[in-house]
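Report on the structure given below.
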Amino acid sequence: MLTLLKGGRVIDPANGIDAVRDLHFRDGRILADPGARPDAVHDAAGMVVMAGGIDLHSHIAGGKMNLARALTPELEGVIPPAPAVGLRYAAMGYTMAVEPAMLPSNARQAHLEMADIPIIDRAAYAMLGNDDFLLGLMLARRDHRAVADYVGVMMAATRALGVKVVNPGGISAFKFNQRKLDLDEEHVYYRVTPRQIILTLARALEELGVTHPLH
């Protein structure tokens with residue numbers, strides 16, 4: 001199906017375009033003027049036409065969202081259900097949003113919830129900065145290849161786009177009654193520092209060739 005988007009302000013920074021012009025596309029691909037009559041014409045006069053937005057960090061699914069819904073029922077509508085998330089993002093011009101904090105143990109539920117988000121593309125980052133098996137590998141001073149293999153296995157198992165770190169080591173340390181953990185302070189049990197966790201995960205992603213860097 002050939003579609004014409006007529007008279008919109010086309011903004012394409014990569015190609016230095018900022019002008020009012022017509023845009024033809026078929027099957028999701030932009031075409032030069034095909035010289036054929038379009039099957040559909042949409043008037044975009046007064047509107048901006050540009051690539052869809054990609055939100056690389058947006059809490060759209062998983063345990064956090066469901067806890068928020070459960071704990072604040074008075075905010076129904078402010079914290080939308082999954083189907084409404086896609087509609088709101090599409091209305092703002094986004095075509096993709098990424099859940100940044102997916103616990104591996106909660107990955108199945110997060111993906112099921114994201115599957116209910118319509119229109120936009122969805123993805124998630126796996127949180128590994130407090131993963132006990134990872135910290136155990138670091139404590140045992142295992143070869144870095146073993147660490148990279150584990151990160152790769154976890155990304156594959158959770159269908160993650162990347163890896164996220166929040167308070168690396170600190171959440172784990174709290175379980176051992178360690179109430180603070182500075183950047184170069186050792187975890188009371190695993191004897192690793194937050195800096196070492198960050199560098200270890202960043203190196204693993206680089207060795208695995210993951211496009212998105214440590215988040």
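Quick note on naming: the chains in the structure tokens go A, B, ... in the order shown, residues restart at 1 in each chain, and ligands are numbered from 1 in order of appearance.
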
Identify, with DSSP run on backbone atoms, the residues in segment 113-192 of chain A assigned to helix (DSSP H, G or I), and express the list as a ChimeraX atom specification. /A:113-115,132-139,144-158,170-175

Neighbours of segment 128-135 of chain A within 12 Å (only C-alpha atoms; same-chain residues fewer than 4 positions away dropped), as an MDAnalysis selection string? chainID A and resid 100:105 139:142 144 146:155 158 160 162:175 186:202 204:205 214:215

The residue from A:Met127, A:Ile120, A:Leu181, A:Met114 with the smallest atom-to-atom distance to Met92 of chain A, counting only C-alpha atoms, is A:Ile120

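Using only C-alpha atoms, the nearest neighbour of Val49 of chain A within the list A:Arg203, A:Arg29, A:Arg37, A:Arg9 is A:Arg9.
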
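Neighbouring residues of Arg88 of chain A at 12 Å or closer, counting only C-alpha atoms and skipping chain neighbours under 6 positions away, are Ile60, Gly77, Val78, Ile79, Pro80, Pro81, Ala82, Tyr94, Thr95, Met96, Ala97, Ile117, Pro118, Ile119 and Ile120 of chain A.
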
Export N, CA, C and O atoms of the chosen residues as a compact mmCIF listing (two decimals), in the first residue's frame?
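out-v5.txt, written as the output of this step:
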# COMPACT_ATOMS: atom_id res chain seq x y z
N ILE A 60 7.91 0.61 32.55
CA ILE A 60 6.64 0.30 31.89
C ILE A 60 6.07 -1.04 32.29
O ILE A 60 4.91 -1.34 31.97
N GLY A 77 -5.18 5.47 36.83
CA GLY A 77 -5.18 6.39 35.69
C GLY A 77 -3.88 7.15 35.59
O GLY A 77 -3.39 7.43 34.49
N VAL A 78 -3.29 7.50 36.75
CA VAL A 78 -1.97 8.12 36.74
C VAL A 78 -0.91 7.06 36.44
O VAL A 78 0.04 7.27 35.69
N ILE A 79 -1.08 5.89 37.06
CA ILE A 79 -0.23 4.74 36.76
C ILE A 79 -1.07 3.84 35.86
O ILE A 79 -1.88 3.04 36.33
N PRO A 80 -0.91 3.96 34.55
CA PRO A 80 -1.85 3.30 33.63
C PRO A 80 -1.64 1.80 33.55
O PRO A 80 -0.53 1.30 33.78
N PRO A 81 -2.67 1.06 33.20
CA PRO A 81 -2.51 -0.37 32.91
C PRO A 81 -1.71 -0.54 31.63
O PRO A 81 -1.56 0.41 30.84
N ALA A 82 -1.19 -1.74 31.42
CA ALA A 82 -0.29 -1.98 30.30
C ALA A 82 -0.86 -1.54 28.94
O ALA A 82 -0.15 -0.88 28.17
N TYR A 94 6.34 8.40 20.34
CA TYR A 94 7.34 7.37 20.59
C TYR A 94 6.99 6.09 19.85
O TYR A 94 5.81 5.77 19.67
N THR A 95 8.02 5.36 19.45
CA THR A 95 7.82 4.07 18.81
C THR A 95 8.46 2.92 19.60
O THR A 95 8.30 1.76 19.24
N MET A 96 9.19 3.26 20.68
CA MET A 96 9.82 2.22 21.50
C MET A 96 10.06 2.74 22.90
O MET A 96 10.39 3.91 23.10
N ALA A 97 9.89 1.85 23.88
CA ALA A 97 10.23 2.17 25.27
C ALA A 97 10.89 0.94 25.89
O ALA A 97 10.53 -0.20 25.58
N ILE A 117 1.38 -4.36 25.98
CA ILE A 117 1.55 -2.96 25.59
C ILE A 117 1.49 -2.87 24.07
O ILE A 117 2.35 -3.42 23.38
N PRO A 118 0.49 -2.19 23.52
CA PRO A 118 0.32 -2.19 22.06
C PRO A 118 1.15 -1.12 21.36
O PRO A 118 1.72 -0.23 21.99
N ILE A 119 1.22 -1.22 20.06
CA ILE A 119 1.73 -0.22 19.11
C ILE A 119 3.25 -0.09 19.14
O ILE A 119 3.92 -0.21 18.11
N ILE A 120 3.83 0.20 20.30
CA ILE A 120 5.27 0.48 20.36
C ILE A 120 6.07 -0.81 20.52
O ILE A 120 5.56 -1.83 20.96

Strand (DSSP E or B) positions in chain A, given as a short mmCIF file (atom, residue, chain, number, x, y, z; two decimals) with N, CA, C and O atoms, in the first residue's frame:
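New file part31.cif:
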data_model
loop_
_atom_site.label_atom_id
_atom_site.label_comp_id
_atom_site.auth_asym_id
_atom_site.auth_seq_id
_atom_site.Cartn_x
_atom_site.Cartn_y
_atom_site.Cartn_z
N LEU A 2 0.67 2.13 -0.97
CA LEU A 2 1.43 3.36 -1.09
C LEU A 2 0.70 4.48 -0.35
O LEU A 2 -0.47 4.76 -0.62
N THR A 3 1.39 5.12 0.59
CA THR A 3 0.79 6.16 1.40
C THR A 3 1.54 7.47 1.21
O THR A 3 2.77 7.48 1.11
N LEU A 4 0.81 8.56 1.16
CA LEU A 4 1.39 9.90 1.04
C LEU A 4 1.07 10.69 2.30
O LEU A 4 -0.09 10.84 2.69
N LEU A 5 2.12 11.17 2.94
CA LEU A 5 1.99 12.08 4.08
C LEU A 5 2.27 13.47 3.52
O LEU A 5 3.41 13.78 3.17
N LYS A 6 1.27 14.32 3.45
CA LYS A 6 1.35 15.52 2.62
C LYS A 6 1.53 16.80 3.46
O LYS A 6 0.82 17.04 4.41
N GLY A 7 2.55 17.58 3.06
CA GLY A 7 2.68 18.93 3.57
C GLY A 7 3.16 19.08 5.00
O GLY A 7 2.99 20.13 5.61
N GLY A 8 3.81 18.06 5.56
CA GLY A 8 4.32 18.17 6.93
C GLY A 8 5.72 18.75 6.96
O GLY A 8 6.42 18.79 5.95
N ARG A 9 6.11 19.24 8.12
CA ARG A 9 7.48 19.73 8.30
C ARG A 9 8.36 18.53 8.63
O ARG A 9 8.32 18.00 9.72
N VAL A 10 9.17 18.10 7.67
CA VAL A 10 10.01 16.93 7.82
C VAL A 10 11.33 17.34 8.46
O VAL A 10 12.04 18.20 7.95
N ILE A 11 11.64 16.72 9.61
CA ILE A 11 12.89 16.98 10.30
C ILE A 11 13.71 15.70 10.34
O ILE A 11 13.29 14.69 10.90
N ASP A 12 14.88 15.75 9.70
CA ASP A 12 15.78 14.60 9.61
C ASP A 12 17.20 15.09 9.85
O ASP A 12 17.93 15.41 8.90
N ILE A 17 17.87 17.74 6.93
CA ILE A 17 16.58 18.15 6.36
C ILE A 17 15.70 18.77 7.44
O ILE A 17 15.51 18.20 8.51
N ASP A 18 15.20 19.95 7.16
CA ASP A 18 14.20 20.62 8.00
C ASP A 18 13.38 21.49 7.05
O ASP A 18 13.68 22.66 6.84
N ALA A 19 12.37 20.90 6.46
CA ALA A 19 11.60 21.60 5.43
C ALA A 19 10.22 20.99 5.30
O ALA A 19 9.99 19.84 5.65
N VAL A 20 9.30 21.78 4.76
CA VAL A 20 7.96 21.28 4.46
C VAL A 20 8.02 20.51 3.15
O VAL A 20 8.47 21.04 2.14
N ARG A 21 7.61 19.27 3.18
CA ARG A 21 7.63 18.45 1.97
C ARG A 21 6.69 17.26 2.11
O ARG A 21 6.22 16.95 3.22
N ASP A 22 6.44 16.60 1.00
CA ASP A 22 5.61 15.39 1.01
C ASP A 22 6.51 14.18 1.28
O ASP A 22 7.70 14.19 0.96
N LEU A 23 5.89 13.15 1.84
CA LEU A 23 6.64 11.95 2.16
C LEU A 23 5.83 10.73 1.72
O LEU A 23 4.68 10.56 2.11
N HIS A 24 6.45 9.92 0.86
CA HIS A 24 5.81 8.69 0.40
C HIS A 24 6.42 7.50 1.13
O HIS A 24 7.64 7.46 1.34
N PHE A 25 5.61 6.54 1.50
CA PHE A 25 6.16 5.32 2.09
C PHE A 25 5.26 4.13 1.80
O PHE A 25 4.06 4.25 1.58
N ARG A 26 5.91 2.98 1.74
CA ARG A 26 5.21 1.71 1.49
C ARG A 26 5.84 0.63 2.36
O ARG A 26 7.06 0.52 2.44
N ARG A 29 8.63 1.63 4.67
CA ARG A 29 9.86 2.18 4.11
C ARG A 29 9.56 3.47 3.34
O ARG A 29 8.61 3.55 2.56
N ILE A 30 10.38 4.50 3.60
CA ILE A 30 10.23 5.78 2.91
C ILE A 30 10.76 5.65 1.49
O ILE A 30 11.81 5.04 1.25
N LEU A 31 10.01 6.23 0.54
CA LEU A 31 10.37 6.14 -0.87
C LEU A 31 10.58 7.52 -1.47
O LEU A 31 10.01 8.51 -1.01
N ALA A 40 -3.46 6.01 -0.15
CA ALA A 40 -4.01 6.79 0.96
C ALA A 40 -3.22 8.08 1.09
O ALA A 40 -2.00 8.10 0.88
N VAL A 41 -3.91 9.17 1.41
CA VAL A 41 -3.29 10.48 1.59
C VAL A 41 -3.67 11.02 2.97
O VAL A 41 -4.85 11.03 3.33
N HIS A 42 -2.67 11.45 3.72
CA HIS A 42 -2.91 12.04 5.04
C HIS A 42 -2.36 13.45 5.06
O HIS A 42 -1.20 13.67 4.70
N ASP A 43 -3.18 14.41 5.43
CA ASP A 43 -2.78 15.82 5.47
C ASP A 43 -1.99 16.07 6.75
O ASP A 43 -2.51 15.97 7.85
N VAL A 48 4.75 18.24 12.62
CA VAL A 48 6.14 17.84 12.49
C VAL A 48 6.20 16.35 12.14
O VAL A 48 5.54 15.54 12.80
N VAL A 49 6.97 16.01 11.14
CA VAL A 49 7.15 14.61 10.74
C VAL A 49 8.61 14.26 11.00
O VAL A 49 9.52 14.85 10.43
N GLY A 53 10.25 8.56 18.58
CA GLY A 53 11.13 8.64 19.74
C GLY A 53 11.40 7.26 20.32
O GLY A 53 10.58 6.35 20.23
N ILE A 54 12.57 7.10 20.91
CA ILE A 54 12.95 5.86 21.60
C ILE A 54 13.32 6.24 23.03
O ILE A 54 14.28 6.97 23.26
N ASP A 55 12.56 5.75 24.00
CA ASP A 55 12.82 6.02 25.41
C ASP A 55 13.60 4.84 25.97
O ASP A 55 13.06 3.75 26.16
N GLU A 76 -5.20 5.47 40.28
CA GLU A 76 -5.61 4.76 39.07
C GLU A 76 -5.78 5.75 37.93
O GLU A 76 -6.46 6.77 38.06
N ILE A 79 -1.08 5.89 37.06
CA ILE A 79 -0.23 4.74 36.76
C ILE A 79 -1.07 3.84 35.86
O ILE A 79 -1.88 3.04 36.33
N TYR A 94 6.34 8.40 20.34
CA TYR A 94 7.34 7.37 20.59
C TYR A 94 6.99 6.09 19.85
O TYR A 94 5.81 5.77 19.67
N THR A 95 8.02 5.36 19.45
CA THR A 95 7.82 4.07 18.81
C THR A 95 8.46 2.92 19.60
O THR A 95 8.30 1.76 19.24
N MET A 96 9.19 3.26 20.68
CA MET A 96 9.82 2.22 21.50
C MET A 96 10.06 2.74 22.90
O MET A 96 10.39 3.91 23.10
N ALA A 97 9.89 1.85 23.88
CA ALA A 97 10.23 2.17 25.27
C ALA A 97 10.89 0.94 25.89
O ALA A 97 10.53 -0.20 25.58
N VAL A 98 11.87 1.18 26.76
CA VAL A 98 12.65 0.08 27.35
C VAL A 98 12.48 0.10 28.87
O VAL A 98 12.77 1.11 29.52
N GLU A 99 12.04 -1.02 29.41
CA GLU A 99 11.96 -1.20 30.86
C GLU A 99 13.39 -1.38 31.39
O GLU A 99 14.09 -2.32 31.01
N PRO A 100 13.87 -0.48 32.27
CA PRO A 100 15.29 -0.49 32.62
C PRO A 100 15.67 -1.35 33.81
O PRO A 100 16.85 -1.41 34.15
N ALA A 101 14.73 -1.98 34.48
CA ALA A 101 15.09 -2.65 35.73
C ALA A 101 14.32 -3.96 35.88
O ALA A 101 13.48 -4.12 36.76
N MET A 102 14.65 -4.92 35.02
CA MET A 102 13.98 -6.22 35.06
C MET A 102 14.81 -7.21 35.88
O MET A 102 15.94 -7.56 35.50
N ASP A 121 7.37 -0.73 20.18
CA ASP A 121 8.30 -1.82 20.47
C ASP A 121 8.69 -1.75 21.94
O ASP A 121 8.80 -0.67 22.52
N ARG A 122 8.94 -2.91 22.55
CA ARG A 122 9.31 -2.96 23.96
C ARG A 122 10.56 -3.82 24.15
O ARG A 122 10.82 -4.74 23.39
N ALA A 123 11.33 -3.49 25.18
CA ALA A 123 12.50 -4.29 25.54
C ALA A 123 12.79 -4.03 27.02
O ALA A 123 12.11 -3.22 27.66
N ALA A 124 13.80 -4.73 27.54
CA ALA A 124 14.13 -4.56 28.96
C ALA A 124 15.61 -4.84 29.19
O ALA A 124 16.25 -5.55 28.41
N TYR A 125 16.14 -4.28 30.27
CA TYR A 125 17.50 -4.57 30.72
C TYR A 125 17.43 -5.47 31.95
O TYR A 125 16.61 -5.24 32.85
N ALA A 126 18.30 -6.46 32.01
CA ALA A 126 18.37 -7.33 33.18
C ALA A 126 19.25 -6.69 34.24
O ALA A 126 20.34 -6.18 33.95
N MET A 127 18.80 -6.70 35.49
CA MET A 127 19.57 -6.16 36.60
C MET A 127 20.47 -7.24 37.17
O MET A 127 20.00 -8.24 37.68
N GLY A 162 19.89 -5.48 27.29
CA GLY A 162 21.14 -5.05 27.89
C GLY A 162 21.15 -5.38 29.37
O GLY A 162 20.32 -6.13 29.86
N VAL A 163 22.11 -4.78 30.08
CA VAL A 163 22.27 -5.02 31.52
C VAL A 163 22.22 -3.69 32.25
O VAL A 163 22.82 -2.70 31.83
N LYS A 164 21.51 -3.70 33.37
CA LYS A 164 21.34 -2.49 34.19
C LYS A 164 22.01 -2.68 35.54
O LYS A 164 21.98 -3.77 36.11
#
